[in-house]
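Reviewing the structure listed below.
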Amino acid sequence: MQISKVVNDLTIIEYSPAYKSYFKALNIQWLEAYFTVEDLDDYVLSNPEEAILNHGGKILFALLNGEVVGTVGIKVLDEETCEITKMAVDPAFRGKGYGKILCAAAIEHAKQMPCKNIILYTSSILKNAIHIYEQLGFQHISFEKGLYARGDVKMIYVPES
């Protein structure tokens, strides 16, 4: 089901193959600016259907006047847990609150899936992102070594019943 929601100036839509290249390009751009592209990144970004969508996950896009300015994935990990992953905003549109709107939309979609727990992994150097996650209700939990070398922070959002 294609869910479309307008928040401020942004339209949030679900994945369409027409936007697949934006999912990869925005995330590669972000990763190269802050870290390096790891093998798992390349796999997920090159194969979003297989890595995320075919397992019940979703990929959202933020459009501004029809232009893709951001994206985020929601990966199903098990019957109770989803992971917010691969969130990126075009550098030309950062600092406008679009990342927060996109993350909030991902939370709402995950709740509809339904996920009892929503987790994410991030890096402690991304202070602005962590602040946004905290504002949206994520809490820090014990970090176990994840799949990515860059991650050192794990957070959880538990939807209200």
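In the structure tokens, chains take the letters A, B, ... in the order shown, each chain's residues start at 1, and ligands count up from 1 in the order shown.
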I'd like to know which residues of chain A are helix (DSSP H, G or I) (by DSSP, run on the backbone); could you write them as a PyMOL selection string?
chain A and resi 17-34+39-46+48-51+53-55+91-93+98-112+127-135
Produce a file of the selected residues containing C-alpha atoms, as a PDB file, in the first residue's frame.
```pdb
ATOM      1  CA  PRO A  17      11.336   1.348  -8.168  1.00  0.00           C
ATOM      2  CA  ALA A  18      11.488   4.767  -9.833  1.00  0.00           C
ATOM      3  CA  TYR A  19      13.236   6.088  -6.704  1.00  0.00           C
ATOM      4  CA  LYS A  20      15.618   3.166  -6.121  1.00  0.00           C
ATOM      5  CA  SER A  21      18.655   5.091  -7.401  1.00  0.00           C
ATOM      6  CA  TYR A  22      17.997   7.896  -4.880  1.00  0.00           C
ATOM      7  CA  PHE A  23      18.046   5.419  -1.991  1.00  0.00           C
ATOM      8  CA  LYS A  24      21.540   4.366  -2.982  1.00  0.00           C
ATOM      9  CA  ALA A  25      22.913   7.740  -4.100  1.00  0.00           C
ATOM     10  CA  LEU A  26      21.829   9.691  -0.998  1.00  0.00           C
ATOM     11  CA  ASN A  27      23.162   7.036   1.359  1.00  0.00           C
ATOM     12  CA  ILE A  28      26.476   6.616  -0.484  1.00  0.00           C
ATOM     13  CA  GLN A  29      26.931  10.385  -0.425  1.00  0.00           C
ATOM     14  CA  TRP A  30      26.255  10.481   3.319  1.00  0.00           C
ATOM     15  CA  LEU A  31      28.478   7.479   4.101  1.00  0.00           C
ATOM     16  CA  GLU A  32      31.403   8.840   2.107  1.00  0.00           C
ATOM     17  CA  ALA A  33      31.114  12.210   3.863  1.00  0.00           C
ATOM     18  CA  TYR A  34      31.340  10.716   7.364  1.00  0.00           C
ATOM     19  CA  ASP A  39      30.362  -4.265   1.978  1.00  0.00           C
ATOM     20  CA  LEU A  40      27.020  -4.641   3.774  1.00  0.00           C
ATOM     21  CA  ASP A  41      26.123  -1.026   2.890  1.00  0.00           C
ATOM     22  CA  ASP A  42      26.783  -1.699  -0.765  1.00  0.00           C
ATOM     23  CA  TYR A  43      24.684  -4.865  -0.688  1.00  0.00           C
ATOM     24  CA  VAL A  44      21.681  -3.230   1.036  1.00  0.00           C
ATOM     25  CA  LEU A  45      21.804  -0.102  -1.113  1.00  0.00           C
ATOM     26  CA  SER A  46      22.180  -2.065  -4.349  1.00  0.00           C
ATOM     27  CA  PRO A  48      16.858  -2.847  -1.305  1.00  0.00           C
ATOM     28  CA  GLU A  49      14.107  -5.208  -2.385  1.00  0.00           C
ATOM     29  CA  GLU A  50      16.024  -8.281  -1.252  1.00  0.00           C
ATOM     30  CA  ALA A  51      17.601  -6.689   1.828  1.00  0.00           C
ATOM     31  CA  LEU A  53      11.336  -4.919   1.242  1.00  0.00           C
ATOM     32  CA  ASN A  54      10.959  -8.659   0.630  1.00  0.00           C
ATOM     33  CA  HIS A  55      11.070  -9.282   4.387  1.00  0.00           C
ATOM     34  CA  PRO A  91      23.291  17.909   1.807  1.00  0.00           C
ATOM     35  CA  ALA A  92      21.556  20.839   0.101  1.00  0.00           C
ATOM     36  CA  PHE A  93      18.490  20.242   2.306  1.00  0.00           C
ATOM     37  CA  TYR A  98      13.662  17.171   7.123  1.00  0.00           C
ATOM     38  CA  GLY A  99      15.646  14.381   8.794  1.00  0.00           C
ATOM     39  CA  LYS A 100      13.481  14.658  11.896  1.00  0.00           C
ATOM     40  CA  ILE A 101      10.290  14.594   9.797  1.00  0.00           C
ATOM     41  CA  LEU A 102      11.569  11.559   7.891  1.00  0.00           C
ATOM     42  CA  CYS A 103      12.519   9.718  11.092  1.00  0.00           C
ATOM     43  CA  ALA A 104       9.125  10.507  12.659  1.00  0.00           C
ATOM     44  CA  ALA A 105       7.434   9.130   9.532  1.00  0.00           C
ATOM     45  CA  ALA A 106       9.536   5.962   9.800  1.00  0.00           C
ATOM     46  CA  ILE A 107       8.412   5.548  13.422  1.00  0.00           C
ATOM     47  CA  GLU A 108       4.766   5.914  12.396  1.00  0.00           C
ATOM     48  CA  HIS A 109       5.152   3.367   9.601  1.00  0.00           C
ATOM     49  CA  ALA A 110       6.930   0.929  11.919  1.00  0.00           C
ATOM     50  CA  LYS A 111       4.077   1.217  14.431  1.00  0.00           C
ATOM     51  CA  GLN A 112       1.611   0.286  11.664  1.00  0.00           C
ATOM     52  CA  LYS A 127      25.601  14.304  17.795  1.00  0.00           C
ATOM     53  CA  ASN A 128      22.847  16.106  15.859  1.00  0.00           C
ATOM     54  CA  ALA A 129      21.300  12.814  14.748  1.00  0.00           C
ATOM     55  CA  ILE A 130      21.408  11.410  18.280  1.00  0.00           C
ATOM     56  CA  HIS A 131      19.727  14.563  19.574  1.00  0.00           C
ATOM     57  CA  ILE A 132      16.928  14.149  17.010  1.00  0.00           C
ATOM     58  CA  TYR A 133      16.451  10.510  17.976  1.00  0.00           C
ATOM     59  CA  GLU A 134      16.248  11.474  21.654  1.00  0.00           C
ATOM     60  CA  GLN A 135      13.684  14.196  20.863  1.00  0.00           C
TER      61      GLN A 135
END
```
Apply DSSP to the structure's backbone, then extract all residues of range 34-146 of chain A labelled strand (DSSP E or B) and return them as a ChimeraX atom specification.
/A:58-64,67-76,81-89,117-122,139-141
Store the residues picked out above, limited to C-alpha atoms, as a short mmCIF file (atom, residue, chain, number, x, y, z; two decimals), in the first residue's frame.
```cif
data_model
loop_
_atom_site.label_atom_id
_atom_site.label_comp_id
_atom_site.auth_asym_id
_atom_site.auth_seq_id
_atom_site.Cartn_x
_atom_site.Cartn_y
_atom_site.Cartn_z
CA LYS A 58 9.65 -0.40 3.98
CA ILE A 59 11.64 2.37 2.40
CA LEU A 60 10.34 5.92 2.58
CA PHE A 61 11.23 8.96 0.53
CA ALA A 62 10.82 12.62 1.38
CA LEU A 63 9.89 14.72 -1.65
CA LEU A 64 9.98 18.49 -1.84
CA GLU A 67 12.31 16.22 -5.80
CA VAL A 68 13.70 13.46 -3.56
CA VAL A 69 15.51 15.13 -0.66
CA GLY A 70 15.74 12.22 1.79
CA THR A 71 15.18 8.56 2.41
CA VAL A 72 15.01 6.01 5.23
CA GLY A 73 14.57 2.26 5.52
CA ILE A 74 12.60 0.23 8.04
CA LYS A 75 13.98 -3.29 8.24
CA VAL A 76 12.06 -6.10 9.95
CA THR A 81 11.55 -5.67 16.24
CA CYS A 82 12.17 -3.29 13.36
CA GLU A 83 15.30 -1.29 12.67
CA ILE A 84 15.39 2.22 11.26
CA THR A 85 18.29 2.13 8.84
CA LYS A 86 19.87 3.92 5.91
CA MET A 87 18.52 7.38 6.66
CA ALA A 88 20.02 10.15 4.56
CA VAL A 89 19.11 13.70 3.56
CA ASN A 117 10.27 -2.30 19.42
CA ILE A 118 12.05 -0.01 16.99
CA ILE A 119 15.83 0.10 17.19
CA LEU A 120 18.59 1.94 15.42
CA TYR A 121 22.35 1.91 15.42
CA THR A 122 24.38 5.07 15.00
CA GLN A 139 16.36 5.78 24.54
CA HIS A 140 19.96 4.59 24.76
CA ILE A 141 20.41 0.88 25.48
#
```
So that I can see what lies close to Arg150 in chain A, please list as a PyMOL selection string the residues with an atom at most 9 Å from it, counting only C-alpha atoms and leaving out residues fewer than 6 positions away in the same chain.
chain A and resi 35-36+122-123
Would you export the selected residues with C-alpha atoms as a PDB file, in the first residue's frame, please?
```
ATOM      1  CA  PHE A  35      32.656   7.154   7.118  1.00  0.00           C
ATOM      2  CA  THR A  36      33.366   4.601   4.414  1.00  0.00           C
ATOM      3  CA  THR A 122      24.378   5.067  14.995  1.00  0.00           C
ATOM      4  CA  SER A 123      27.739   6.598  15.804  1.00  0.00           C
TER       5      SER A 123
END
```
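With only C-alpha atoms as the atoms that count, the minimum distance from Glu79 in chain A to the choices A:Gly151, A:Gly137, A:Ile12, A:Cys115 is reached by A:Cys115.
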